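Each remark here refers to the structure printed beneath this line.
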Amino acid sequence: MLHIVNKSPFERNGLKSCLRLAKPGSAILLIEDAAVAAVAGSAPAKDIAARMGDFSFYVLGPDIDARGLGDKELVDGIKVVDYGGFVDLTVEQDTCQSWL
Amino acid sequence: MKFGILVNEGPFTHQASDSAYRFVLAALEKGHEIYRVFFYHDGVNNANKLSEPQSDDRDLVKLWSALGTEREIDLVVCVAAALRRGVKDDILAEGFRISGLGQLIEAGVESDRLVVFGD
Amino acid sequence: MDDFDEFDGDGPEVVKRFMYVNRRAPYGTVYALECLETILIAAAFEQDVSVVFMDDGVYQLKKDQDTAAIGMKNFSPTYRALEGYEVEKLYVEKESLEERGLTAEDLVVPVKVLNSAELQEIMAAQDVVLSS
């Protein structure tokens, strides 16, 4: 399953709930405002790093860049994808769920 | 692979419609099929041809409309959500059609993946 | 179900597992109401439908909603009608209820209360997950 999170964890609980309900082995993709969670050293980055062994994490590069965070180091192990990579993830995983 | 897309938000307040549009372009680029894009909740506003964004801004109504007409992608606006918001046939941008929620369920049944974009 | 013959195709009718995930409180936004409309339509398609209420979505099922003074329609009785549409798999996440000081007794319909580990398994087994 591909879990898609689109809201900043500073504002909403989508990432937190996703981390609680996603089955280990799933992929988690951060898009739109959720991309801010990928920045190393941020508070949500700790939650992501703690689950790096359970999930494969991805972040949508265009959303990182749009928010001026392209120059920031990202959480170790998170992979940056573009929209094509987003499409590939939905193909590789057998279902997807959006945490709106 | 066949994709169904659900867009739950309009073209201006949220990024959802932009993300969905970029996703659809990338999927087509990779040779996938878009079975249907279904617009629900405020997403029905993506079909309002009366909207006039500023000239230096992207115009999602036109962008979706072009995908519908030029790439023959089925763009369906939920009738119940649309009527509530005053989106009717006479203000519908070209390429969109108004139909029932059954079209969303059908997209879920017929597509290999249903990807949801919203708030 | 003659109206839906077109979905029969050549082979046996496709039955997929559809899950509707409700994570928002009613009234503050339209999502709960419009998601309920989707579920009622979906029931006619004879798919395997389940509905999850978690996070603030559990408030959708709270008993004794009285919307008279906010001027909006109380649509919570409709959840009780779901059974009549053969939508019988209603799941509520235990952690979400507890966090909000609620119990299954507070809800308008009988539901299955599952902890997050149990819900995780059911979610992972779905074909289509709809959220709004």
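Within each chain, counting starts at residue 1; across the structure tokens, chains are named A, B, ... in the order shown, with ligands numbered 1 upward in that order.
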
Mind listing as a PDB file with N, CA and C atoms, in the first residue's frame which residues of chain B are within 6 Å of chain A, counting only C-alpha atoms?
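The result, written out as part_25.pdb:
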ATOM      1  N   PHE B  23      -0.037  14.913 -11.636  1.00  0.00           N
ATOM      2  CA  PHE B  23      -0.002  13.444 -11.577  1.00  0.00           C
ATOM      3  C   PHE B  23      -0.543  12.855 -12.884  1.00  0.00           C
ATOM      4  N   ALA B  26       1.933  13.253 -15.721  1.00  0.00           N
ATOM      5  CA  ALA B  26       3.057  12.307 -15.581  1.00  0.00           C
ATOM      6  C   ALA B  26       2.613  10.888 -15.934  1.00  0.00           C
ATOM      7  N   ALA B  27       1.397  10.522 -15.550  1.00  0.00           N
ATOM      8  CA  ALA B  27       0.897   9.180 -15.843  1.00  0.00           C
ATOM      9  C   ALA B  27       0.726   8.993 -17.356  1.00  0.00           C
ATOM     10  N   VAL B 116      -6.570   9.653  -4.699  1.00  0.00           N
ATOM     11  CA  VAL B 116      -7.416  10.736  -4.172  1.00  0.00           C
ATOM     12  C   VAL B 116      -6.583  11.969  -3.849  1.00  0.00           C
ATOM     13  N   ASP B 119      -8.096  18.038   0.520  1.00  0.00           N
ATOM     14  CA  ASP B 119      -7.567  18.916   1.571  1.00  0.00           C
ATOM     15  C   ASP B 119      -7.152  18.066   2.756  1.00  0.00           C
TER      16      ASP B 119
END

Using only C-alpha atoms, which residues of chain C come within 12 Å of chain B, and what is the closest atom pair for each, with the distance in Å to one decimal? Give it as CSV, sorted by chain and residue number.
residue,atom,partner,partner_atom,distance
C:Asp3,CA,B:Gly102,CA,10.9
C:Phe4,CA,B:Gly102,CA,9.6
C:Asp5,CA,B:Glu106,CA,12.0
C:Glu6,CA,B:Glu106,CA,10.2
C:Phe7,CA,B:Glu106,CA,8.0
C:Asp8,CA,B:Val109,CA,11.1
C:Gly9,CA,B:Glu110,CA,10.6
C:Glu13,CA,B:Val109,CA,10.0
C:Val14,CA,B:Val109,CA,7.1
C:Val15,CA,B:Val109,CA,7.6
C:Lys16,CA,B:Val109,CA,6.6
C:Arg17,CA,B:Val109,CA,9.3
C:Phe18,CA,B:Gly108,CA,8.2
C:Met19,CA,B:Gly108,CA,10.8
C:Tyr20,CA,B:Ile105,CA,11.5
C:Val21,CA,B:Val116,CA,11.9
C:Arg23,CA,B:Asp119,CA,11.8
C:Arg24,CA,B:Asp119,CA,11.3
C:Thr29,CA,B:His41,CA,10.3
C:Val30,CA,B:His41,CA,7.8
C:Tyr31,CA,B:His41,CA,7.4
C:Ala32,CA,B:His41,CA,10.6
C:Leu33,CA,B:His41,CA,10.1
C:Glu34,CA,B:His41,CA,7.1
C:Cys35,CA,B:His41,CA,9.1
C:Leu36,CA,B:Leu101,CA,11.4
C:Glu37,CA,B:Leu101,CA,8.4
C:Thr38,CA,B:Leu101,CA,6.4
C:Ile39,CA,B:Ile105,CA,9.4
C:Leu40,CA,B:Leu101,CA,9.7
C:Ile41,CA,B:Gly102,CA,6.3
C:Ala42,CA,B:Ile105,CA,6.2
C:Ala43,CA,B:Ile105,CA,9.7
C:Ala44,CA,B:Gly102,CA,8.7
C:Phe45,CA,B:Ile105,CA,7.6
C:Glu46,CA,B:Ile105,CA,10.4
C:Gln47,CA,B:Val109,CA,8.6
C:Asp48,CA,B:Val109,CA,11.0
C:Val49,CA,B:Ile105,CA,11.0
C:Gln126,CA,B:Arg113,CA,11.5
C:Asp127,CA,B:Arg113,CA,8.3
C:Val128,CA,B:Gly108,CA,6.4
C:Val129,CA,B:Leu114,CA,7.8
C:Leu130,CA,B:Val116,CA,7.0
C:Ser131,CA,B:Val116,CA,7.2
C:Ser132,CA,B:Gly118,CA,6.7

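Nearest to chain A of all the residues C:Asp64, C:Glu118, C:Glu99, C:Asp106 is C:Glu118, counting only C-alpha atoms.
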
Contacts of Pro110 of chain C at 9 Å or less, counting only C-alpha atoms, minus same-chain residues fewer than 5 places along, as a tab-separated table (two decimals) with N, CA, C and O atoms, in the first residue's frame?
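Final file, selection.tsv:
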chain	number	residue	atom	x	y	z
C	80	ARG	N	-27.75	5.20	10.95
C	80	ARG	CA	-28.54	4.05	11.40
C	80	ARG	C	-29.21	3.34	10.22
C	80	ARG	O	-29.55	2.17	10.31
C	90	LEU	N	-18.98	-1.41	9.94
C	90	LEU	CA	-18.63	-0.10	10.46
C	90	LEU	C	-17.55	-0.28	11.53
C	90	LEU	O	-17.78	-0.96	12.53
C	104	ALA	N	-18.04	3.21	22.97
C	104	ALA	CA	-19.00	2.72	21.97
C	104	ALA	C	-20.44	3.05	22.38
C	104	ALA	O	-21.32	3.19	21.54
C	105	GLU	N	-20.67	3.20	23.70
C	105	GLU	CA	-22.00	3.55	24.22
C	105	GLU	C	-22.46	4.93	23.74
C	105	GLU	O	-23.65	5.23	23.74

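Near Ile48 of chain A, within 10 Å and counting only C-alpha atoms, sit Leu15, Lys16, Leu19, Ile28, Ala37, Ala38, Ala40, Ala43, Pro44, Ala45, Arg51, Met52, Gly53, Asp54, Phe55, Ser56, Phe57, Val75, Asp76, Gly77 and Ile78 of chain A; same-chain residues fewer than 3 positions away were not included.
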
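Note that the spacing between atom CA of Pro24 of chain A and atom CA of Leu60 of chain A amounts to 21.0 Å.
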
I'd like the neighbourhood of Asp55 of chain C as a ChimeraX atom specification, where a residue qualifies if any of its atoms comes within 12 Å (using only C-alpha atoms), though same-chain residues fewer than 3 positions away should be ignored. /A:12-14,16-18,20-21,99-100 /C:21-25,52,58-61,92-100,102,116
